[in-house]
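What's in coords-v9.csv: CSV, C-alpha atoms
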chain,number,residue,atom,x,y,z
A,1,MET,CA,21.5,-10.9,7.3
A,2,PRO,CA,22.6,-8.9,4.2
A,3,GLY,CA,20.3,-6.0,3.4
A,4,ILE,CA,19.9,-2.5,2.1
A,5,ILE,CA,18.5,0.8,3.3
A,6,GLY,CA,15.6,2.4,1.5
A,7,ARG,CA,12.9,5.0,1.6
A,8,LYS,CA,9.2,4.1,1.5
A,9,VAL,CA,7.6,5.8,-1.6
A,10,GLY,CA,4.0,4.7,-1.3
A,11,MET,CA,1.5,2.0,-2.1
A,12,THR,CA,-0.4,1.0,-5.3
A,13,SER,CA,-1.6,-2.2,-6.8
A,14,ILE,CA,-0.4,-4.3,-9.7
A,15,TYR,CA,-1.7,-7.4,-11.3
A,16,SER,CA,-0.3,-10.9,-11.2
A,17,ALA,CA,0.1,-13.1,-14.3
A,18,GLU,CA,-3.2,-14.7,-13.4
A,19,GLY,CA,-4.8,-11.2,-13.4
A,20,LYS,CA,-5.2,-11.0,-9.6
A,21,ALA,CA,-4.8,-7.5,-8.2
A,22,MET,CA,-2.1,-7.4,-5.5
A,23,PRO,CA,-1.5,-4.6,-3.1
A,24,CYS,CA,2.1,-3.5,-3.1
A,25,THR,CA,4.5,-1.1,-1.6
A,26,VAL,CA,7.1,0.8,-3.6
A,27,ILE,CA,10.5,1.3,-2.0
A,28,GLU,CA,13.4,3.4,-3.3
A,29,ALA,CA,16.3,1.3,-2.1
A,30,GLY,CA,19.9,2.2,-2.4
A,31,PRO,CA,22.4,2.6,-3.9
A,32,CYS,CA,24.1,2.4,-0.5
A,33,VAL,CA,27.8,3.1,0.2
A,34,VAL,CA,29.9,0.8,2.4
A,35,THR,CA,31.0,3.3,5.0
A,36,GLN,CA,32.7,0.9,7.4
A,37,VAL,CA,33.9,-2.7,7.4
A,38,LYS,CA,34.1,-4.2,10.8
A,39,THR,CA,36.4,-7.2,11.3
A,40,GLN,CA,36.8,-9.9,13.9
A,41,ASP,CA,40.3,-8.7,14.7
A,42,ARG,CA,39.5,-5.1,15.3
A,43,ASP,CA,35.9,-5.0,16.4
A,44,GLY,CA,35.2,-8.5,17.7
A,45,TYR,CA,32.6,-9.3,15.0
A,46,GLU,CA,32.1,-9.2,11.3
A,47,ALA,CA,29.8,-6.6,9.9
A,48,ILE,CA,29.5,-3.8,7.4
A,49,GLN,CA,28.0,-0.4,7.7
A,50,LEU,CA,25.9,1.1,4.9
A,51,GLY,CA,25.1,4.7,4.3
A,52,PHE,CA,22.0,6.0,2.4
A,53,GLY,CA,20.5,9.4,1.6
A,54,ASP,CA,22.3,12.7,1.3
A,55,ARG,CA,23.1,15.0,4.0
A,56,LYS,CA,24.3,18.6,3.8
A,57,GLU,CA,28.0,19.1,4.5
A,58,LYS,CA,27.3,21.9,6.9
A,59,ASN,CA,24.9,19.8,9.0
A,60,THR,CA,27.5,17.0,9.4
A,61,PRO,CA,29.6,16.9,12.5
A,62,ASN,CA,33.3,16.9,11.9
A,63,ALA,CA,33.7,13.4,13.4
A,64,LEU,CA,31.2,12.0,10.8
A,65,LYS,CA,32.8,14.0,8.1
A,66,GLY,CA,36.0,12.2,8.7
A,67,HIS,CA,34.2,8.9,8.8
A,68,PHE,CA,32.7,9.5,5.4
A,69,LYS,CA,36.0,10.8,4.0
A,70,LYS,CA,37.6,7.4,4.9
A,71,ALA,CA,35.1,5.7,2.6
A,72,ASN,CA,35.7,8.4,0.0
A,73,THR,CA,32.0,9.4,-0.2
A,74,THR,CA,29.7,12.4,0.4
A,75,PRO,CA,27.9,12.6,3.8
A,76,LYS,CA,25.0,10.2,4.2
A,77,SER,CA,22.0,10.7,6.4
A,78,LYS,CA,21.3,7.1,7.5
A,79,LEU,CA,23.8,4.6,8.6
A,80,VAL,CA,22.8,1.0,9.3
A,81,GLU,CA,25.0,-2.0,10.2
A,82,PHE,CA,24.4,-5.4,8.4
A,83,LYS,CA,25.9,-8.8,8.9
A,84,GLY,CA,26.4,-11.6,6.5
A,85,PHE,CA,27.7,-9.7,3.5
A,86,GLY,CA,30.5,-11.5,1.8
A,87,ASN,CA,33.6,-9.8,0.5
A,88,VAL,CA,33.0,-6.1,0.3
A,89,ASN,CA,35.4,-3.2,0.5
A,90,LEU,CA,35.1,0.3,2.0
A,91,GLY,CA,33.4,2.6,-0.5
A,92,ASP,CA,31.7,-0.1,-2.5
A,93,LEU,CA,28.2,0.5,-3.8
A,94,VAL,CA,25.4,-1.9,-2.8
A,95,ASN,CA,22.2,-1.7,-4.7
A,96,VAL,CA,19.0,-3.6,-5.3
A,97,ASP,CA,20.8,-6.3,-7.4
A,98,ILE,CA,21.4,-8.2,-4.2
A,99,PHE,CA,17.8,-9.2,-4.3
A,100,GLU,CA,15.9,-11.4,-6.8
A,101,GLU,CA,12.3,-11.2,-7.9
A,102,GLY,CA,10.1,-13.7,-6.0
A,103,GLU,CA,12.4,-13.7,-3.0
A,104,TYR,CA,11.0,-13.2,0.5
A,105,VAL,CA,12.4,-10.4,2.6
A,106,SER,CA,11.8,-8.8,6.0
A,107,ILE,CA,11.4,-5.0,6.2
A,108,ALA,CA,12.1,-3.1,9.3
A,109,GLY,CA,10.9,0.5,9.9
A,110,THR,CA,9.4,2.9,12.4
A,111,SER,CA,5.7,2.6,12.6
A,112,LYS,CA,3.4,5.6,12.4
A,113,GLY,CA,3.0,7.2,15.8
A,114,LYS,CA,-0.5,7.1,17.3
A,115,GLY,CA,0.2,8.9,20.5
A,116,PHE,CA,-1.1,7.9,23.9
A,117,GLN,CA,-3.9,5.4,23.3
A,118,GLY,CA,-6.3,3.5,25.5
A,119,VAL,CA,-6.6,-0.3,25.7
A,120,VAL,CA,-9.4,-0.6,23.1
A,121,LYS,CA,-7.3,0.8,20.3
A,122,ARG,CA,-3.9,-0.3,21.6
A,123,HIS,CA,-4.6,-3.9,22.6
A,124,GLY,CA,-8.0,-4.6,21.0
A,125,PHE,CA,-9.9,-4.8,24.3
A,126,ALA,CA,-13.7,-4.9,23.9
A,127,GLY,CA,-14.4,-2.1,26.4
A,128,VAL,CA,-17.4,-2.4,28.7
A,129,GLY,CA,-19.8,-3.3,25.9
A,130,GLN,CA,-22.8,-1.3,26.9
A,131,ALA,CA,-23.3,2.4,26.6
A,132,THR,CA,-26.6,2.4,28.5
A,133,HIS,CA,-27.9,0.4,31.5
A,134,GLY,CA,-26.2,2.6,34.1
A,135,GLN,CA,-22.8,2.7,32.5
A,136,HIS,CA,-21.2,6.0,33.0
A,137,ASN,CA,-17.9,7.2,31.5
A,138,ARG,CA,-16.3,3.7,31.3
A,139,LEU,CA,-17.3,2.6,27.8
A,140,ARG,CA,-13.7,2.1,26.8
A,141,ALA,CA,-12.3,1.1,30.2
A,142,PRO,CA,-10.0,-1.9,30.6
A,143,GLY,CA,-11.9,-3.6,33.5
A,144,SER,CA,-10.1,-5.5,36.2
A,145,ILE,CA,-6.3,-5.4,36.2
A,146,GLY,CA,-5.9,-8.2,38.8
A,147,ALA,CA,-7.0,-9.7,42.1
A,148,CYS,CA,-7.0,-7.9,45.4
A,149,SER,CA,-5.1,-8.8,48.6
A,150,TYR,CA,-3.2,-11.5,46.8
A,151,PRO,CA,-1.0,-10.7,44.9
A,152,ALA,CA,-1.6,-7.2,46.2
A,153,ARG,CA,0.2,-5.8,43.1
A,154,VAL,CA,-0.3,-5.5,39.4
A,155,PHE,CA,1.6,-8.1,37.4
A,156,LYS,CA,4.4,-6.8,35.1
A,157,GLY,CA,3.4,-6.6,31.5
A,158,MET,CA,-0.2,-5.9,32.2
A,159,ARG,CA,-1.7,-4.4,29.1
A,160,MET,CA,-2.7,-0.8,29.7
A,161,GLY,CA,-3.0,2.4,27.8
A,162,GLY,CA,0.2,4.1,26.7
A,163,GLN,CA,2.2,5.2,23.7
A,164,MET,CA,1.2,3.4,20.5
A,165,GLY,CA,3.2,3.2,17.4
A,166,ASN,CA,6.4,5.1,16.6
A,167,LYS,CA,8.6,2.1,17.4
A,168,ARG,CA,10.6,-0.3,15.3
A,169,VAL,CA,8.4,-2.9,13.6
A,170,VAL,CA,9.6,-5.7,11.3
A,171,ALA,CA,7.3,-7.0,8.6
A,172,GLU,CA,8.4,-10.5,7.7
A,173,ASN,CA,8.1,-12.7,4.6
A,174,LEU,CA,7.2,-10.0,2.1
A,175,GLU,CA,7.5,-11.2,-1.5
A,176,ILE,CA,9.5,-9.1,-3.9
A,177,LEU,CA,7.2,-8.7,-6.9
A,178,LYS,CA,9.4,-6.5,-9.1
A,179,ILE,CA,12.8,-5.0,-9.1
A,180,LEU,CA,13.5,-1.9,-11.2
A,181,GLY,CA,17.3,-1.8,-11.1
A,182,ASP,CA,17.8,1.3,-13.3
A,183,LYS,CA,15.5,3.3,-11.0
A,184,ASN,CA,16.6,1.6,-7.7
A,185,LEU,CA,13.1,0.6,-7.0
A,186,LEU,CA,11.7,-2.4,-5.2
A,187,VAL,CA,8.1,-3.4,-5.3
A,188,VAL,CA,7.0,-5.7,-2.5
A,189,LYS,CA,3.7,-7.4,-1.8
A,190,GLY,CA,1.6,-6.0,1.0
A,191,SER,CA,2.2,-3.1,3.4
A,192,ILE,CA,5.3,-2.1,5.4
A,193,PRO,CA,5.7,-0.1,8.6
A,194,GLY,CA,6.0,3.7,8.6
A,195,SER,CA,4.8,6.7,6.7
A,196,LYS,CA,5.6,7.7,3.1
A,197,GLY,CA,9.2,9.0,3.0
A,198,SER,CA,10.3,7.1,6.1
A,199,THR,CA,13.5,5.1,6.1
A,200,VAL,CA,13.3,1.3,6.1
A,201,THR,CA,15.8,-1.4,6.1
A,202,ILE,CA,15.2,-4.4,3.8
A,203,LEU,CA,16.7,-7.6,5.1
A,204,LYS,CA,17.3,-10.7,3.1
B,1,MET,CA,3.9,10.6,-5.9
B,2,ASP,CA,5.5,10.7,-9.3
B,3,ILE,CA,7.4,7.5,-8.7
B,4,ILE,CA,4.1,5.7,-8.0
B,5,LYS,CA,2.8,7.0,-11.3
B,6,GLU,CA,5.9,5.8,-13.1
B,7,ILE,CA,5.5,2.4,-11.6
B,8,GLN,CA,1.8,2.3,-12.6
B,9,ASN,CA,2.6,3.3,-16.1
B,10,GLU,CA,5.3,0.7,-16.3
B,11,LEU,CA,3.8,-2.3,-14.6
B,12,VAL,CA,0.0,-1.9,-15.2
B,13,GLU,CA,-1.6,-1.6,-18.5
B,14,THR,CA,-4.9,0.2,-18.9
B,15,LYS,CA,-6.9,-0.2,-22.1
B,16,ASN,CA,-8.4,2.7,-23.8
B,17,PHE,CA,-12.1,2.9,-22.9
B,18,PRO,CA,-14.6,5.5,-23.9
B,19,LYS,CA,-15.4,8.3,-21.6
B,20,PHE,CA,-18.2,7.5,-19.1
B,21,GLY,CA,-19.4,8.6,-15.8
B,22,ALA,CA,-22.1,8.3,-13.2
B,23,GLY,CA,-25.6,7.9,-14.6
B,24,ASP,CA,-24.4,6.4,-17.9
B,25,THR,CA,-25.6,3.0,-19.0
B,26,VAL,CA,-22.8,0.7,-20.1
B,27,ILE,CA,-22.2,-2.8,-21.3
B,28,VAL,CA,-19.1,-4.2,-19.7
B,29,SER,CA,-17.5,-7.3,-21.4
B,30,TYR,CA,-15.2,-9.1,-19.1
B,31,LYS,CA,-13.4,-12.4,-19.4
B,32,ILE,CA,-14.3,-15.3,-17.1
B,33,LYS,CA,-12.1,-18.2,-16.5
B,34,GLU,CA,-13.8,-21.6,-16.0
B,35,GLY,CA,-11.2,-24.2,-15.5
B,36,ASN,CA,-8.9,-23.8,-18.5
B,37,LYS,CA,-11.5,-22.2,-20.7
B,38,GLU,CA,-11.9,-18.5,-21.0
B,39,ARG,CA,-15.1,-16.8,-22.2
B,40,ILE,CA,-16.5,-13.3,-22.3
B,41,GLN,CA,-19.5,-12.3,-20.3
B,42,GLN,CA,-21.5,-9.1,-20.6
B,43,TYR,CA,-22.9,-7.1,-17.8
B,44,GLN,CA,-25.2,-4.2,-18.5
B,45,GLY,CA,-26.2,-1.6,-15.9
B,46,VAL,CA,-26.0,2.0,-14.7
B,47,VAL,CA,-22.7,3.4,-13.5
B,48,LEU,CA,-23.1,4.6,-9.9
B,49,GLN,CA,-19.6,6.1,-9.4
B,50,ARG,CA,-16.0,6.2,-10.5
B,51,ARG,CA,-13.6,6.3,-7.7
B,52,GLY,CA,-9.8,6.5,-7.2
B,53,SER,CA,-7.3,7.7,-9.7
B,54,GLY,CA,-4.7,6.4,-12.1
B,55,THR,CA,-4.5,2.6,-12.6
B,56,THR,CA,-6.2,1.9,-9.2
B,57,GLU,CA,-9.4,3.6,-10.3
B,58,THR,CA,-12.6,1.5,-10.1
B,59,PHE,CA,-16.2,2.0,-11.2
B,60,THR,CA,-19.4,0.5,-9.9
B,61,VAL,CA,-22.2,-0.8,-12.2
B,62,ARG,CA,-25.7,-1.5,-10.8
B,63,LYS,CA,-28.3,-3.5,-12.6
B,64,MET,CA,-31.6,-5.1,-11.6
B,65,SER,CA,-31.5,-8.9,-11.9
B,66,GLY,CA,-35.2,-9.7,-11.6
B,67,ASN,CA,-36.2,-8.0,-8.3
B,68,VAL,CA,-32.7,-8.0,-6.8
B,69,GLY,CA,-30.3,-5.2,-7.3
B,70,VAL,CA,-26.8,-6.3,-8.3
B,71,GLU,CA,-23.7,-4.1,-8.1
B,72,ARG,CA,-20.3,-5.0,-9.5
B,73,ILE,CA,-17.1,-3.1,-8.9
B,74,PHE,CA,-14.6,-3.2,-11.7
B,75,PRO,CA,-11.0,-2.1,-11.5
B,76,ILE,CA,-10.4,0.0,-14.6
B,77,SER,CA,-7.0,-1.7,-15.3
B,78,SER,CA,-8.2,-5.2,-14.6
B,79,PRO,CA,-6.8,-7.5,-17.3
B,80,PHE,CA,-10.2,-9.3,-17.4
B,81,LEU,CA,-11.9,-6.2,-18.7
B,82,ASP,CA,-12.4,-6.6,-22.4
B,83,GLU,CA,-14.6,-3.8,-23.6
B,84,ILE,CA,-16.9,-1.1,-22.3
B,85,VAL,CA,-19.7,0.2,-24.5
B,86,VAL,CA,-21.6,3.3,-23.5
B,87,THR,CA,-25.2,2.8,-24.6
B,88,LYS,CA,-26.8,5.8,-22.9
B,89,LYS,CA,-25.5,9.1,-21.5
B,90,GLY,CA,-27.5,10.0,-18.4
B,91,ARG,CA,-28.1,13.5,-17.1
B,92,VAL,CA,-27.3,13.4,-13.4
B,93,ARG,CA,-26.2,16.2,-11.1
B,94,ARG,CA,-23.8,14.4,-9.0
B,95,ALA,CA,-20.6,12.4,-9.4
B,96,ARG,CA,-21.9,9.5,-7.2
B,97,ILE,CA,-25.6,8.6,-7.6
B,98,PHE,CA,-26.1,6.5,-4.5
B,99,TYR,CA,-29.7,7.8,-4.3
B,100,PHE,CA,-30.3,5.6,-7.3
B,101,ARG,CA,-30.3,2.5,-5.1
B,102,GLU,CA,-33.5,3.5,-3.3
B,103,ARG,CA,-35.3,4.2,-6.6
B,104,THR,CA,-37.5,1.4,-8.1
B,105,GLY,CA,-39.9,1.2,-11.0
B,106,LYS,CA,-40.7,4.5,-12.8
B,107,ALA,CA,-38.6,6.5,-10.4
B,108,ALA,CA,-35.5,4.5,-11.3
B,109,ARG,CA,-35.1,6.3,-14.6
B,110,ILE,CA,-32.4,8.6,-15.6
B,111,LYS,CA,-33.0,11.3,-18.2
B,112,GLU,CA,-30.8,11.0,-21.2
B,113,LYS,CA,-28.4,13.7,-22.1
B,114,ARG,CA,-29.7,15.6,-25.2
B,115,ARG,CA,-26.4,16.5,-26.6
B,116,PHE,CA,-23.1,15.1,-25.5
B,117,THR,CA,-19.6,15.4,-26.7
B,118,ASN,CA,-17.4,12.5,-26.2

Starting from the coordinates I provided, produce the structure as structure tokens.
Amino acid sequence: MPGIIGRKVGMTSIYSAEGKAMPCTVIEAGPCVVTQVKTQDRDGYEAIQLGFGDRKEKNTPNALKGHFKKANTTPKSKLVEFKGFGNVNLGDLVNVDIFEEGEYVSIAGTSKGKGFQGVVKRHGFAGVGQATHGQHNRLRAPGSIGACSYPARVFKGMRMGGQMGNKRVVAENLEILKILGDKNLLVVKGSIPGSKGSTVTILK
Amino acid sequence: MDIIKEIQNELVETKNFPKFGAGDTVIVSYKIKEGNKERIQQYQGVVLQRRGSGTTETFTVRKMSGNVGVERIFPISSPFLDEIVVTKKGRVRRARIFYFRERTGKAARIKEKRRFTN
């Protein structure tokens, strides 16, 4: 899927032509530089690598410096590989023009980290349900996690407490409401994963 | 944050309304769509609060409809808002007068501001 790298700016709401208020997310997307073109002959598959965001020269490893020098560009902080781009050359610029208003896109990002959470928050369990009637310190407990002597183990994938958030999440079928090409801004309907300022990839 | 403001300025249009705040009595004219027809309805009541900022700001207007209290929340940049007329400036001490909901009858009066500059 062709796509572009961007930065989540924040949320606001705009009005549709019928006057309906629509929640929307503003994304600063691109311009991205093609930093590598992978070919069937050399790499075994077709893809391109895009770079987005600036990075200080002194914080760039020498190996990467050489990589960016090949594409004749300044060091970039984020590199993401995309498939399905047509004919592009090393060092080309990709910007929001690849999208159209009204188009539906998927947006992948890293969700906000919630830390170690119990089953009530993490999986929507109901908890024990009563705070009184003899319940003691198990208000938000998961309850039974399986039978006893058979199977004599806990099944894999049993929903329990653990790390919540801070993982890759893809929000699908988000409508592009507006494209501001001169400012490299995309306005999509609804929310997208991650905090303000976090990097997201927008996939066609 | 500035980019969000830019977007709001560019994509959302807010009409120029007179200054008003909690405790003021206002008449809000807003457009109603019935099928294909559009007409303007008026809603008069006391402003309970203004919340939010920029183009996403909203305000709450409370009125008594018979014995039943009715509250409507209007987005300040809603395209359906036609006009806001401030009929009374109320003298209240807080920005959000939720205590007003519990008041009925004579207690549900708000002193008018003697002098106000708009």

Next on the checklist: Report, in Å with one decimal, the straight-line distance from CA of Lys113 (chain B) to CA of Ser65 (chain B).
Outcome noted: 25.0 Å

Checklist outcome for this item: Shortest contact to chain B, candidates A:Gly19, A:Gly181, A:Pro151, A:Gly109, atoms counted only C-alpha atoms, goes to A:Gly19

Checklist entry - Out of B:Ala108, B:Ile97, B:Ile40, B:Ile76, which residue has the shortest atom-to-atom distance to chain A when counting all atoms listed in the file? => result B:Ile76

Using all atoms listed in the file, what table do you get, as a tab-separated table, when you list each residue of chain A with an atom no more than 12 Å from chain B, its nearest pair of atoms, and their distance in Å rounded to one decimal, rows by chain then rising number?
residue	atom	partner	partner_atom	distance
A:Arg7	CA	B:Ile3	CA	11.9
A:Lys8	CA	B:Ile4	CA	10.9
A:Val9	CA	B:Ile4	CA	7.3
A:Gly10	CA	B:Ile4	CA	6.8
A:Met11	CA	B:Ile4	CA	7.4
A:Thr12	CA	B:Ile4	CA	7.0
A:Ser13	CA	B:Thr56	CA	6.6
A:Ile14	CA	B:Val12	CA	6.0
A:Tyr15	CA	B:Val12	CA	7.0
A:Ser16	CA	B:Pro79	CA	9.5
A:Ala17	CA	B:Pro79	CA	9.4
A:Glu18	CA	B:Pro79	CA	8.9
A:Gly19	CA	B:Pro79	CA	5.7
A:Lys20	CA	B:Ser78	CA	8.2
A:Ala21	CA	B:Ser78	CA	7.6
A:Met22	CA	B:Thr56	CA	10.8
A:Pro23	CA	B:Thr56	CA	10.1
A:Cys24	CA	B:Ile4	CA	10.6
A:Thr25	CA	B:Ile4	CA	9.3
A:Val26	CA	B:Ile4	CA	7.2
A:Ile27	CA	B:Ile3	CA	9.6
A:Glu28	CA	B:Ile3	CA	9.1
A:Leu177	CA	B:Leu11	CA	10.6
A:Lys178	CA	B:Leu11	CA	8.9
A:Ile179	CA	B:Ile7	CA	10.7
A:Leu180	CA	B:Ile7	CA	9.1
A:Lys183	CA	B:Ile3	CA	9.4
A:Asn184	CA	B:Ile3	CA	11.0
A:Leu185	CA	B:Ile7	CA	9.1
A:Leu186	CA	B:Ile7	CA	10.1
A:Val187	CA	B:Ile7	CA	8.9
A:Lys196	CA	B:Met1	CA	9.6
A:Gly197	CA	B:Met1	CA	10.5

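Across the model, the gap from CA of Leu139 (chain A) to CA of Lys121 (chain A) is 12.6 Å.
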
Item to check | For Val70 (chain B): contacts at 12 Å, all atoms listed in the file, fewer than 6 positions along chain excluded, given as a PyMOL selection string | outcome: chain B and resi 43-48+60-64+101

Just write the chosen residues, C-alpha atoms, as a compact mmCIF listing (two decimals), in the frame of the given file.
# COMPACT_ATOMS: atom_id res chain seq x y z
CA TYR B 43 -22.90 -7.10 -17.80
CA GLN B 44 -25.20 -4.20 -18.50
CA GLY B 45 -26.20 -1.60 -15.90
CA VAL B 46 -26.00 2.00 -14.70
CA VAL B 47 -22.70 3.40 -13.50
CA LEU B 48 -23.10 4.60 -9.90
CA THR B 60 -19.40 0.50 -9.90
CA VAL B 61 -22.20 -0.80 -12.20
CA ARG B 62 -25.70 -1.50 -10.80
CA LYS B 63 -28.30 -3.50 -12.60
CA MET B 64 -31.60 -5.10 -11.60
CA ARG B 101 -30.30 2.50 -5.10

7 Å contact set for Gly91 (chain A), all atoms listed in the file, chain neighbours under 5 positions out, as a PDB file with C-alpha atoms, in the coordinates of the input:
ATOM      1  CA  VAL A  33      27.800   3.100   0.200  1.00  0.00           C
ATOM      2  CA  VAL A  34      29.900   0.800   2.400  1.00  0.00           C
ATOM      3  CA  THR A  35      31.000   3.300   5.000  1.00  0.00           C
ATOM      4  CA  ALA A  71      35.100   5.700   2.600  1.00  0.00           C
ATOM      5  CA  ASN A  72      35.700   8.400   0.000  1.00  0.00           C
ATOM      6  CA  THR A  73      32.000   9.400  -0.200  1.00  0.00           C
TER       7      THR A  73
END

Item to check | Coordinates-based distance that separates CA of Thr60 (chain A) from CA of Thr201 (chain A) (Å, one decimal) | outcome: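 Answer for the CA of Thr201 (chain A) to CA of Thr60 (chain A) separation: 22.1 Å.
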
Checklist entry - Which residues, protein or nucleic acid, reach to within 12 Å of (-20.1, 5.7, -10.2) in the file's coordinates when using only C-alpha atoms, and can you give that as a ChimeraX atom specification? => result /B:20-26,45-52,57-62,71-74,90,92,94-101

Tell me, as a PDB file with C-alpha atoms, in the frame of the given file, which residues lie within 12 Å of region 158-167 of chain A, counting only C-alpha atoms; anything in the same chain fewer than 2 positions away does not count.
ATOM      1  CA  ALA A 108      12.100  -3.100   9.300  1.00  0.00           C
ATOM      2  CA  GLY A 109      10.900   0.500   9.900  1.00  0.00           C
ATOM      3  CA  THR A 110       9.400   2.900  12.400  1.00  0.00           C
ATOM      4  CA  SER A 111       5.700   2.600  12.600  1.00  0.00           C
ATOM      5  CA  LYS A 112       3.400   5.600  12.400  1.00  0.00           C
ATOM      6  CA  GLY A 113       3.000   7.200  15.800  1.00  0.00           C
ATOM      7  CA  LYS A 114      -0.500   7.100  17.300  1.00  0.00           C
ATOM      8  CA  GLY A 115       0.200   8.900  20.500  1.00  0.00           C
ATOM      9  CA  PHE A 116      -1.100   7.900  23.900  1.00  0.00           C
ATOM     10  CA  GLN A 117      -3.900   5.400  23.300  1.00  0.00           C
ATOM     11  CA  GLY A 118      -6.300   3.500  25.500  1.00  0.00           C
ATOM     12  CA  VAL A 119      -6.600  -0.300  25.700  1.00  0.00           C
ATOM     13  CA  VAL A 120      -9.400  -0.600  23.100  1.00  0.00           C
ATOM     14  CA  LYS A 121      -7.300   0.800  20.300  1.00  0.00           C
ATOM     15  CA  ARG A 122      -3.900  -0.300  21.600  1.00  0.00           C
ATOM     16  CA  HIS A 123      -4.600  -3.900  22.600  1.00  0.00           C
ATOM     17  CA  GLY A 124      -8.000  -4.600  21.000  1.00  0.00           C
ATOM     18  CA  PHE A 125      -9.900  -4.800  24.300  1.00  0.00           C
ATOM     19  CA  ARG A 140     -13.700   2.100  26.800  1.00  0.00           C
ATOM     20  CA  ALA A 141     -12.300   1.100  30.200  1.00  0.00           C
ATOM     21  CA  PRO A 142     -10.000  -1.900  30.600  1.00  0.00           C
ATOM     22  CA  GLY A 143     -11.900  -3.600  33.500  1.00  0.00           C
ATOM     23  CA  SER A 144     -10.100  -5.500  36.200  1.00  0.00           C
ATOM     24  CA  ILE A 145      -6.300  -5.400  36.200  1.00  0.00           C
ATOM     25  CA  GLY A 146      -5.900  -8.200  38.800  1.00  0.00           C
ATOM     26  CA  ARG A 153       0.200  -5.800  43.100  1.00  0.00           C
ATOM     27  CA  VAL A 154      -0.300  -5.500  39.400  1.00  0.00           C
ATOM     28  CA  PHE A 155       1.600  -8.100  37.400  1.00  0.00           C
ATOM     29  CA  LYS A 156       4.400  -6.800  35.100  1.00  0.00           C
ATOM     30  CA  VAL A 169       8.400  -2.900  13.600  1.00  0.00           C
ATOM     31  CA  VAL A 170       9.600  -5.700  11.300  1.00  0.00           C
ATOM     32  CA  PRO A 193       5.700  -0.100   8.600  1.00  0.00           C
ATOM     33  CA  GLY A 194       6.000   3.700   8.600  1.00  0.00           C
ATOM     34  CA  SER A 195       4.800   6.700   6.700  1.00  0.00           C
ATOM     35  CA  SER A 198      10.300   7.100   6.100  1.00  0.00           C
TER      36      SER A 198
END
